[in-house]
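Single-structure report; data block below.
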Amino acid sequence: MVTKFIILALMIAFIAGLYGCVSLPEEQKVAEAEAEAGAELPEAAAEVFTEPEEELRTDIPVLGGLQNALAGGKVGYYEDAQKRSQEETADMYDFDFSQGTMVRIEEASVAPKAVRAGDTVTIRTGYALLGESEESTSVVETREIRYKGKLSGNPQVEISRAWGTYFSSIPVTLPSDAKKGVYKVKVQVQAGDSSDTKETSFTVK
């Protein structure tokens, strides 16, 4: 009888070990995906995405729109705020003003990363803007959305800015019949002959 219990215990332990070995890779994939999605932003970008000290502006017109896979969706109000002054930004980048205009995107992201048709995603960016002695410059922000390589949206804003670091965001409400899959987003910021680009994405389940 004792022998049977020992054999039974060994079999249970063996089966449990096999289950653990089989399930571990999947758990590891989930953990890695969550870690990647929730990874901390670089220090500079993390500062950009803290709650703005100034009230966000919402009166800037947004050009462009949605089409193809996102036709029927809606582009919301643009919001932005300055996060660092010219002096603070120049010190952070050790910037030499004789270099001309510099645009540096510190972060581009979409929140939430996974949504369903009809939900709203917010495309955010934070960037540094520095240049020579002019008090301000014209900046064009473009958020290009593509689905399977085809353009599905390109909300664009043109705004006059003083030198410094800025945060901005645009909400996009997806149509109720938005196609499932990965939507790639390219954020571009241009000032004069200087520009920078970063890519991100979101998934419609």
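The way I read the labels, and the way they are meant: chains A, B, ... in the order of the structure tokens, residue 1 as the first residue of every chain, and ligand 1 as the first ligand shown, with later ones counted on from there.
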>> Taking 4 positions as the minimum chain separation for residues in the same chain, which residues sit within 10 Å of A:Asp59 when counting only C-alpha atoms? Answer as a count of residues only.
In response: 4
>> With DSSP run on the backbone, what are the helix (DSSP H, G or I) residues within stretch 60-143 of chain A? I'd like them as a count of residues only.
In response: 14
> Do you know which residues are at most 6 Å from stretch 122-131 of chain A counting only C-alpha atoms, after dropping those on the same chain fewer than 6 positions away, and could you put them as an MDAnalysis selection string?
Replying inline: chainID A and resid 48 97 100:111 163:171
Store the residues picked out above, limited to N, CA and C atoms, as a PDB file, in the first residue's frame.
```pdb
ATOM      1  N   VAL A  48       8.416  64.714 -19.785  1.00  0.00           N
ATOM      2  CA  VAL A  48       7.481  65.319 -20.715  1.00  0.00           C
ATOM      3  C   VAL A  48       6.056  64.857 -20.432  1.00  0.00           C
ATOM      4  N   PHE A  97      23.661  77.232 -29.932  1.00  0.00           N
ATOM      5  CA  PHE A  97      22.670  77.902 -30.765  1.00  0.00           C
ATOM      6  C   PHE A  97      23.184  78.234 -32.166  1.00  0.00           C
ATOM      7  N   GLY A 100      21.946  76.027 -35.529  1.00  0.00           N
ATOM      8  CA  GLY A 100      20.705  76.154 -36.285  1.00  0.00           C
ATOM      9  C   GLY A 100      19.561  75.495 -35.526  1.00  0.00           C
ATOM     10  N   THR A 101      18.523  75.134 -36.240  1.00  0.00           N
ATOM     11  CA  THR A 101      17.327  74.574 -35.613  1.00  0.00           C
ATOM     12  C   THR A 101      17.499  73.086 -35.306  1.00  0.00           C
ATOM     13  N   MET A 102      17.041  72.689 -34.121  1.00  0.00           N
ATOM     14  CA  MET A 102      17.069  71.278 -33.726  1.00  0.00           C
ATOM     15  C   MET A 102      15.672  70.857 -33.289  1.00  0.00           C
ATOM     16  N   VAL A 103      15.211  69.739 -33.830  1.00  0.00           N
ATOM     17  CA  VAL A 103      13.970  69.109 -33.380  1.00  0.00           C
ATOM     18  C   VAL A 103      14.322  67.709 -32.886  1.00  0.00           C
ATOM     19  N   ARG A 104      13.918  67.377 -31.675  1.00  0.00           N
ATOM     20  CA  ARG A 104      14.221  66.056 -31.124  1.00  0.00           C
ATOM     21  C   ARG A 104      12.975  65.490 -30.447  1.00  0.00           C
ATOM     22  N   ILE A 105      12.384  64.468 -31.060  1.00  0.00           N
ATOM     23  CA  ILE A 105      11.228  63.814 -30.445  1.00  0.00           C
ATOM     24  C   ILE A 105      11.727  62.934 -29.306  1.00  0.00           C
ATOM     25  N   GLU A 106      11.245  63.191 -28.116  1.00  0.00           N
ATOM     26  CA  GLU A 106      11.656  62.409 -26.954  1.00  0.00           C
ATOM     27  C   GLU A 106      10.777  61.187 -26.766  1.00  0.00           C
ATOM     28  N   GLU A 107       9.533  61.288 -27.185  1.00  0.00           N
ATOM     29  CA  GLU A 107       8.639  60.136 -27.051  1.00  0.00           C
ATOM     30  C   GLU A 107       7.441  60.283 -27.987  1.00  0.00           C
ATOM     31  N   ALA A 108       7.008  59.149 -28.517  1.00  0.00           N
ATOM     32  CA  ALA A 108       5.764  59.084 -29.279  1.00  0.00           C
ATOM     33  C   ALA A 108       5.055  57.822 -28.820  1.00  0.00           C
ATOM     34  N   SER A 109       3.783  57.930 -28.479  1.00  0.00           N
ATOM     35  CA  SER A 109       3.071  56.772 -27.954  1.00  0.00           C
ATOM     36  C   SER A 109       1.591  56.847 -28.275  1.00  0.00           C
ATOM     37  N   VAL A 110       0.929  55.695 -28.167  1.00  0.00           N
ATOM     38  CA  VAL A 110      -0.518  55.614 -28.323  1.00  0.00           C
ATOM     39  C   VAL A 110      -1.078  54.955 -27.074  1.00  0.00           C
ATOM     40  N   ALA A 111      -2.154  55.504 -26.531  1.00  0.00           N
ATOM     41  CA  ALA A 111      -2.789  54.927 -25.349  1.00  0.00           C
ATOM     42  C   ALA A 111      -4.311  54.921 -25.541  1.00  0.00           C
ATOM     43  N   TRP A 163      11.158  78.518 -28.442  1.00  0.00           N
ATOM     44  CA  TRP A 163      12.054  77.386 -28.178  1.00  0.00           C
ATOM     45  C   TRP A 163      11.743  76.790 -26.804  1.00  0.00           C
ATOM     46  N   GLY A 164      11.876  75.472 -26.707  1.00  0.00           N
ATOM     47  CA  GLY A 164      11.597  74.795 -25.450  1.00  0.00           C
ATOM     48  C   GLY A 164      11.201  73.348 -25.700  1.00  0.00           C
ATOM     49  N   THR A 165      10.561  72.726 -24.722  1.00  0.00           N
ATOM     50  CA  THR A 165      10.103  71.346 -24.839  1.00  0.00           C
ATOM     51  C   THR A 165       8.592  71.316 -24.666  1.00  0.00           C
ATOM     52  N   TYR A 166       7.922  70.537 -25.514  1.00  0.00           N
ATOM     53  CA  TYR A 166       6.466  70.560 -25.563  1.00  0.00           C
ATOM     54  C   TYR A 166       5.862  69.161 -25.505  1.00  0.00           C
ATOM     55  N   PHE A 167       4.653  69.112 -24.992  1.00  0.00           N
ATOM     56  CA  PHE A 167       3.823  67.918 -24.974  1.00  0.00           C
ATOM     57  C   PHE A 167       2.586  68.203 -25.818  1.00  0.00           C
ATOM     58  N   SER A 168       2.134  67.236 -26.620  1.00  0.00           N
ATOM     59  CA  SER A 168       0.879  67.419 -27.346  1.00  0.00           C
ATOM     60  C   SER A 168       0.203  66.081 -27.568  1.00  0.00           C
ATOM     61  N   SER A 169      -1.100  66.131 -27.784  1.00  0.00           N
ATOM     62  CA  SER A 169      -1.848  64.884 -28.004  1.00  0.00           C
ATOM     63  C   SER A 169      -3.067  65.157 -28.865  1.00  0.00           C
ATOM     64  N   ILE A 170      -3.487  64.117 -29.598  1.00  0.00           N
ATOM     65  CA  ILE A 170      -4.707  64.172 -30.396  1.00  0.00           C
ATOM     66  C   ILE A 170      -5.463  62.866 -30.178  1.00  0.00           C
ATOM     67  N   PRO A 171      -6.731  62.926 -29.735  1.00  0.00           N
ATOM     68  CA  PRO A 171      -7.528  61.706 -29.609  1.00  0.00           C
ATOM     69  C   PRO A 171      -8.162  61.333 -30.946  1.00  0.00           C
TER      70      PRO A 171
END
```
> Suppose you want the space between atom CA of A:Gly149 and atom CA of A:Lys198; what is it in Å?
Replying inline: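 Straight-line distance from atom CA of A:Gly149 to atom CA of A:Lys198 works out to 16.4 Å.
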>> Can you measure atom CA of A:Asp196 to atom CA of A:Ala178 for me? One decimal in Å is fine.
In response: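 So the answer is 29.1 Å.
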